[in-house]
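Participant: Let me give you the structure first, and then I'll get to my questions.
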Amino acid sequence: MELQNKATALWSNFFNVKMVQIRTFHMTWFAFFSCFFAWFGIAPLMSVVRDELQLTPNQIGWAIIGSVSMTIFARLFIGWLCDRIGPRKSYTWLLLIGSLPVMGIGLAQSFETFLLFRVLIGGIGAAFVITQYHTSVMFAPNVVGQANATSAGWGNLGGGVTQFVMPLLFSVMVIGFGFSDAVGWRLSMVVVGIIIFLTGIAYYFLTQDAPDGNFDDLRAQGKMEEKQKVTGNYMQALKDPRVWVLFVIYGACFGIELTVNNVAALYFMDYFDLSLVTAGFVAASFGLMNLFARTLGGLFGDNFGSLWGLKGRAFWLFICLFFEGCALMVFSQMHVLFLALPSLIVFSLFTQMAEGATYSVVPFINKKALGAVAGVVGAGGNAGAVLAGFLFKNVIDWSQAFFILGVVVTCASFLAFLVRFSTRQEDEERANFAAANIDTLRARAEKANAALEEGLSAIARKENGTQPAE
């Protein structure tokens with residue numbers, strides 16, 4: 001059975017936080033933003049950590065791989081957990097527990113302890129799955145693509161913001177408060193961990209699992225399947241080849257974004273001879289595109305879906321991936337900053353649109369196991385980042401590594417044509433899409449009628465002399 005009373009509009013109700021769907025939307029993107037910020041908070045400070053802990057290029061490569069490897073397993077687990085206990089409790093526990101290694105990395109005194117905490121921090125990357133799950137159950141088919149894309153995109157924005165905020169925070173600790181470099185980067189991470197912890201508390205009290213209530217209550221009312229069926233649905237989703245195609249596809253877009261977030265600051269420092277803060281600002285331009293680029297991917301996914309059905313969403317995904325790969329190959333060949341920066345921005349645009357396009361398809365694969373599908377596909381992003389990370393272990397030149405990744409992404413784009421839907425599902429989703437649009441038009445008409453009636457009443461009161469003169 002499908003959850004009811006999903007929101008059929010996002011932007012027209014954007015500031016109406018009294019609506020649980022809108023309030024949840026804002027909480028979920030901010031929670032993911034916080035997690036993404038913490039996840040890559042240490043990346044722009046790696047030059048300081050490298051000097052203090054005497055890390056070799058090979059060890060830095062393992063740190064890059066470790067930061068995204070744990071997330072694979074965390075995302076697979078968290079998708080199942082969302083189906084079982086709901087996104088509200090899942091997010092709360094993830095934030096509270098995830099804040100501990102974020103603060104704890106300040107205890108690292110060697111490569112081994114630093115790597116351990118770097119791996120543990122990667123667990124908060126599972127926040128993405130909950131974000132996509134929660135917006136999927138809150139929004140109707142006509143806007144679910146843009147709701148998913150915007151919440152995830154603004155969350156991913158944390159990966160760009162952290163590139164310049166963390167160096168500034170570090171500077172405040174060192175220059176403003178007089179701490180040493182070794183203490184400065186540690187205290188900076190403690191501040192981030194505290195923010196994560198407080199966000200977890202807020203998430204519990206300000207959201208609920210679905211438009212009509214929490215999962216425990218809905219199951220008690222017979223409006224949801226029992227917990228016992230979650231595992232069976234999960235296994236059924238794992239047998240669907242489309243899930244694994246999207247697993248690979250997401251590795252080719254989000255996996256690339258994770259890799260760039262990890263290496264961009266060092267790349268611009270070492271290859272373009274920029275300072276720590278300047279390299280952070282340049283690297284941030286990649287992540288900052290999430291402000292709108294991923295939303296565009298979901299928005300156009302919804303539009304392609306309205307015109308050509310579910311196969312239209314898959315075709316839009318192909319377009320984004322193909323141009324992402326081409327743009328990445330171009331970026332890899334740029335060796336002067338004034339050419340590298342615009343090519344990086346174009347590459348970022350298509351990368352993040354591809355991510356939004358992917359999750360405009362995900363909600364329609366298996367609605368009974370939404371958490372499973374979202375978790376597996378999300379894990380694909382991290383699997384792609386792990387594999388890409390091996391190219392940055394000082395085996396080959398980093399510009400060559402980027403070129404190879406561009407070729408791989410371009411080839412992977414053609415897998416989008418394997419994401420197909422039955423005629424029955426196409427017809428069902430067209431009907432659901434049309435119904436959601438009708439609900440949107442009805443709501444707008446009701447608002448217009450209410451405004452008209454209020455206006456007529458005001459005129460009548462004024463004519464009758466019952467309204468005070470202005």
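In the structure tokens, chains take letters A, B, ... by order of appearance, with residues numbered from 1 within each chain and ligands from 1 in the order shown.
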Skip stretch 102-113 of chain A itself and residues of its chain fewer than 6 positions away, then list as a list in words all residues within 9 Å of it, counting only C-alpha atoms.
Facilitator: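 These residues fall inside the cut-off: Ala38, Trp39, Gly41, Leu53, Gln54, Leu55, Gln59, Ala63, Leu120, Ile121, Val183, Trp185, Arg186, Leu187, Ser188, Met189, Val190, Val191, Val192, Gly193, Ile194 and Ile196 of chain A.
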Participant: Since we have the selection now, will you write its residues out, keeping N, CA and C atoms, as a PDB file, in the first residue's frame?
Facilitator:
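Output below, filename result_33.pdb:
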ATOM      1  N   ALA A  38      30.757  17.721   7.466  1.00  0.00           N
ATOM      2  CA  ALA A  38      31.622  17.002   8.406  1.00  0.00           C
ATOM      3  C   ALA A  38      32.401  15.891   7.717  1.00  0.00           C
ATOM      4  N   TRP A  39      31.747  15.228   6.763  1.00  0.00           N
ATOM      5  CA  TRP A  39      32.358  14.108   6.041  1.00  0.00           C
ATOM      6  C   TRP A  39      33.649  14.546   5.353  1.00  0.00           C
ATOM      7  N   GLY A  41      35.116  17.613   5.954  1.00  0.00           N
ATOM      8  CA  GLY A  41      35.681  18.748   6.670  1.00  0.00           C
ATOM      9  C   GLY A  41      37.192  18.710   6.769  1.00  0.00           C
ATOM     10  N   LEU A  53      51.550  14.852  10.542  1.00  0.00           N
ATOM     11  CA  LEU A  53      51.644  13.399  10.713  1.00  0.00           C
ATOM     12  C   LEU A  53      52.632  12.750   9.757  1.00  0.00           C
ATOM     13  N   GLN A  54      53.288  13.577   8.936  1.00  0.00           N
ATOM     14  CA  GLN A  54      54.289  13.081   7.984  1.00  0.00           C
ATOM     15  C   GLN A  54      53.706  11.997   7.073  1.00  0.00           C
ATOM     16  N   LEU A  55      52.573  12.301   6.465  1.00  0.00           N
ATOM     17  CA  LEU A  55      51.905  11.327   5.613  1.00  0.00           C
ATOM     18  C   LEU A  55      52.549  11.273   4.230  1.00  0.00           C
ATOM     19  N   GLN A  59      49.818   7.024   1.667  1.00  0.00           N
ATOM     20  CA  GLN A  59      48.944   7.070   2.847  1.00  0.00           C
ATOM     21  C   GLN A  59      47.777   8.024   2.634  1.00  0.00           C
ATOM     22  N   ALA A  63      43.760   7.236   2.797  1.00  0.00           N
ATOM     23  CA  ALA A  63      42.812   8.057   3.553  1.00  0.00           C
ATOM     24  C   ALA A  63      41.622   8.453   2.678  1.00  0.00           C
ATOM     25  N   LEU A 120      35.632   5.784   9.981  1.00  0.00           N
ATOM     26  CA  LEU A 120      34.417   5.856  10.796  1.00  0.00           C
ATOM     27  C   LEU A 120      33.563   7.071  10.431  1.00  0.00           C
ATOM     28  N   ILE A 121      34.217   8.190  10.130  1.00  0.00           N
ATOM     29  CA  ILE A 121      33.471   9.391   9.723  1.00  0.00           C
ATOM     30  C   ILE A 121      32.651   9.102   8.474  1.00  0.00           C
ATOM     31  N   VAL A 183      46.735  21.839  17.063  1.00  0.00           N
ATOM     32  CA  VAL A 183      45.529  21.983  17.872  1.00  0.00           C
ATOM     33  C   VAL A 183      44.410  22.613  17.047  1.00  0.00           C
ATOM     34  N   TRP A 185      43.493  22.402  13.780  1.00  0.00           N
ATOM     35  CA  TRP A 185      42.662  21.563  12.916  1.00  0.00           C
ATOM     36  C   TRP A 185      41.814  20.587  13.737  1.00  0.00           C
ATOM     37  N   ARG A 186      42.314  20.203  14.903  1.00  0.00           N
ATOM     38  CA  ARG A 186      41.553  19.308  15.775  1.00  0.00           C
ATOM     39  C   ARG A 186      40.328  20.016  16.364  1.00  0.00           C
ATOM     40  N   LEU A 187      40.516  21.230  16.859  1.00  0.00           N
ATOM     41  CA  LEU A 187      39.395  21.979  17.418  1.00  0.00           C
ATOM     42  C   LEU A 187      38.356  22.320  16.354  1.00  0.00           C
ATOM     43  N   SER A 188      38.810  22.546  15.145  1.00  0.00           N
ATOM     44  CA  SER A 188      37.879  22.836  14.050  1.00  0.00           C
ATOM     45  C   SER A 188      36.927  21.671  13.831  1.00  0.00           C
ATOM     46  N   MET A 189      37.442  20.459  13.900  1.00  0.00           N
ATOM     47  CA  MET A 189      36.595  19.277  13.720  1.00  0.00           C
ATOM     48  C   MET A 189      35.661  19.065  14.912  1.00  0.00           C
ATOM     49  N   VAL A 190      36.097  19.442  16.106  1.00  0.00           N
ATOM     50  CA  VAL A 190      35.229  19.336  17.288  1.00  0.00           C
ATOM     51  C   VAL A 190      33.998  20.236  17.122  1.00  0.00           C
ATOM     52  N   VAL A 191      34.217  21.451  16.619  1.00  0.00           N
ATOM     53  CA  VAL A 191      33.099  22.378  16.388  1.00  0.00           C
ATOM     54  C   VAL A 191      32.083  21.759  15.432  1.00  0.00           C
ATOM     55  N   VAL A 192      32.574  21.154  14.364  1.00  0.00           N
ATOM     56  CA  VAL A 192      31.683  20.523  13.379  1.00  0.00           C
ATOM     57  C   VAL A 192      30.913  19.372  14.014  1.00  0.00           C
ATOM     58  N   GLY A 193      31.580  18.565  14.836  1.00  0.00           N
ATOM     59  CA  GLY A 193      30.924  17.445  15.490  1.00  0.00           C
ATOM     60  C   GLY A 193      29.794  17.875  16.404  1.00  0.00           C
ATOM     61  N   ILE A 194      29.976  18.977  17.105  1.00  0.00           N
ATOM     62  CA  ILE A 194      28.929  19.492  17.990  1.00  0.00           C
ATOM     63  C   ILE A 194      27.700  19.906  17.185  1.00  0.00           C
ATOM     64  N   ILE A 196      26.720  18.628  14.348  1.00  0.00           N
ATOM     65  CA  ILE A 196      26.068  17.392  13.918  1.00  0.00           C
ATOM     66  C   ILE A 196      25.188  16.835  15.038  1.00  0.00           C
TER      67      ILE A 196
END
Participant: What parts of stretch 360-415 of chain A does DSSP call helix (DSSP H, G or I)? I'd like the answer as a PyMOL selection string.
Facilitator: chain A and resi 362-364+367-392+398-415
Participant: For A:Ala374, please output as a list in words all residues within 7 Å (counting only C-alpha atoms; exclusion window: fewer than 2 positions along the same chain).
Facilitator: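 Listed by chain and then number, they are Gly79, Val129, Tyr133, Val362, Leu370, Gly371, Ala372, Val376, Val377 and Gly378 of chain A.
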Participant: Any idea what's packed within 9 Å of A:Ile319, counting only C-alpha atoms, ignoring anything in its chain fewer than 3 positions away? Could you give it as an MDAnalysis selection string?
Facilitator: chainID A and resid 314:316 322:324 350 354 413
Participant: Which one of A:Ala284, A:Phe197, A:Thr56, A:Gly123 sits closest to A:Ser99 if you count only C-alpha atoms?
Facilitator: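 Of all the options, A:Phe197 lies closest to A:Ser99.
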Participant: Would you kindly return, as a list in words, each protein, DNA or RNA residue with an atom no farther than 8 Å from any atom of A:Leu405, considering only C-alpha atoms and excluding same-chain residues fewer than 3 positions away?
Facilitator: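 Skipping anything fewer than 3 positions along the chain leaves Ile256, Gly325, Leu328, Met329, Ala388, Ala401, Phe402, Val408 and Val409 of chain A.
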Participant: Keeping only N, CA, C and O atoms, write the selected residues as a PDB file, in the first residue's frame.
Facilitator:
ATOM      1  N   ILE A 256      32.303  10.183  -8.633  1.00  0.00           N
ATOM      2  CA  ILE A 256      33.268  11.155  -9.149  1.00  0.00           C
ATOM      3  C   ILE A 256      33.250  12.417  -8.299  1.00  0.00           C
ATOM      4  O   ILE A 256      34.298  13.004  -7.999  1.00  0.00           O
ATOM      5  N   GLY A 325      31.000  12.965 -18.696  1.00  0.00           N
ATOM      6  CA  GLY A 325      32.240  12.307 -19.088  1.00  0.00           C
ATOM      7  C   GLY A 325      33.063  13.149 -20.047  1.00  0.00           C
ATOM      8  O   GLY A 325      34.291  13.264 -19.900  1.00  0.00           O
ATOM      9  N   LEU A 328      34.641  16.062 -18.149  1.00  0.00           N
ATOM     10  CA  LEU A 328      35.737  15.638 -17.279  1.00  0.00           C
ATOM     11  C   LEU A 328      37.014  15.425 -18.081  1.00  0.00           C
ATOM     12  O   LEU A 328      38.110  15.786 -17.629  1.00  0.00           O
ATOM     13  N   MET A 329      36.896  14.872 -19.273  1.00  0.00           N
ATOM     14  CA  MET A 329      38.085  14.696 -20.123  1.00  0.00           C
ATOM     15  C   MET A 329      38.681  16.048 -20.506  1.00  0.00           C
ATOM     16  O   MET A 329      39.912  16.210 -20.537  1.00  0.00           O
ATOM     17  N   ALA A 388      37.749   4.828  -7.920  1.00  0.00           N
ATOM     18  CA  ALA A 388      38.429   5.998  -8.467  1.00  0.00           C
ATOM     19  C   ALA A 388      39.601   6.411  -7.592  1.00  0.00           C
ATOM     20  O   ALA A 388      40.631   6.895  -8.080  1.00  0.00           O
ATOM     21  N   ALA A 401      44.681  10.582 -14.363  1.00  0.00           N
ATOM     22  CA  ALA A 401      43.620   9.898 -13.632  1.00  0.00           C
ATOM     23  C   ALA A 401      42.261  10.494 -13.965  1.00  0.00           C
ATOM     24  O   ALA A 401      41.286   9.761 -14.179  1.00  0.00           O
ATOM     25  N   PHE A 402      42.192  11.828 -14.024  1.00  0.00           N
ATOM     26  CA  PHE A 402      40.932  12.484 -14.373  1.00  0.00           C
ATOM     27  C   PHE A 402      40.492  12.111 -15.793  1.00  0.00           C
ATOM     28  O   PHE A 402      39.302  11.915 -16.054  1.00  0.00           O
ATOM     29  N   VAL A 408      35.656   6.476 -18.645  1.00  0.00           N
ATOM     30  CA  VAL A 408      34.793   5.495 -17.978  1.00  0.00           C
ATOM     31  C   VAL A 408      33.365   6.026 -17.840  1.00  0.00           C
ATOM     32  O   VAL A 408      32.388   5.308 -18.100  1.00  0.00           O
ATOM     33  N   VAL A 409      33.220   7.288 -17.431  1.00  0.00           N
ATOM     34  CA  VAL A 409      31.892   7.880 -17.254  1.00  0.00           C
ATOM     35  C   VAL A 409      31.148   7.930 -18.589  1.00  0.00           C
ATOM     36  O   VAL A 409      29.942   7.618 -18.656  1.00  0.00           O
TER      37      VAL A 409
END
Participant: Any chance you could tabulate, as CSV, the residues of stretch 381-464 of chain A at most 12 Å from stretch 236-245 of chain A with each one's nearest atom pair and distance in Å to one decimal, using only C-alpha atoms, in chain and rising number order?
Facilitator:
residue,atom,partner,partner_atom,distance
A:Gly381,CA,A:Trp244,CA,11.5
A:Ala383,CA,A:Trp244,CA,11.9
A:Ala412,CA,A:Val245,CA,9.4
A:Ser413,CA,A:Val245,CA,10.4
A:Phe414,CA,A:Val245,CA,10.4
A:Leu415,CA,A:Val245,CA,6.7
A:Ala416,CA,A:Val245,CA,7.6
A:Phe417,CA,A:Val245,CA,9.7
A:Leu418,CA,A:Arg242,CA,7.1
A:Val419,CA,A:Arg242,CA,5.5
A:Arg420,CA,A:Arg242,CA,7.6
A:Phe421,CA,A:Arg242,CA,9.4
Participant: Could you name the residues that touch A:Lys393 at 8 Å or less, counting only C-alpha atoms, but leaving out those on the same chain fewer than 5 positions away, as JSON, numbers by chain?
Facilitator: {"A": [57, 58, 59, 60, 61, 62]}
Participant: When distances are computed from only C-alpha atoms, which of A:Lys89, A:Gly145, A:Asp212, A:Leu96 shows the smallest separation from A:Gln21?
Facilitator: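 Between A:Lys89, A:Gly145, A:Asp212, A:Leu96, the residue approaching A:Gln21 most closely is A:Asp212.
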Participant: At what distance in Å, to one decimal, does atom CA of A:Ala283 lie from atom CA of A:Tyr267?
Facilitator: 8.8 Å
Participant: What's the separation between atom CA of A:Val165 and atom CA of A:Val48, in Å to one decimal place?
Facilitator: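 Computed distance, atom CA of A:Val165 to atom CA of A:Val48, equals 15.1 Å.
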Participant: Determine the nearest neighbour of A:His134 from the options A:Ser180, A:Thr295, A:Gln221, A:Gln208, counting only C-alpha atoms.
Facilitator: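 Closest to A:His134, using only C-alpha atoms: A:Gln208.
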Participant: Do you have the atom CA of A:Tyr234-atom CA of A:Thr28 distance handy?
Facilitator: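 Computing the Euclidean distance for atom CA of A:Tyr234 and atom CA of A:Thr28 yields 23.3 Å.
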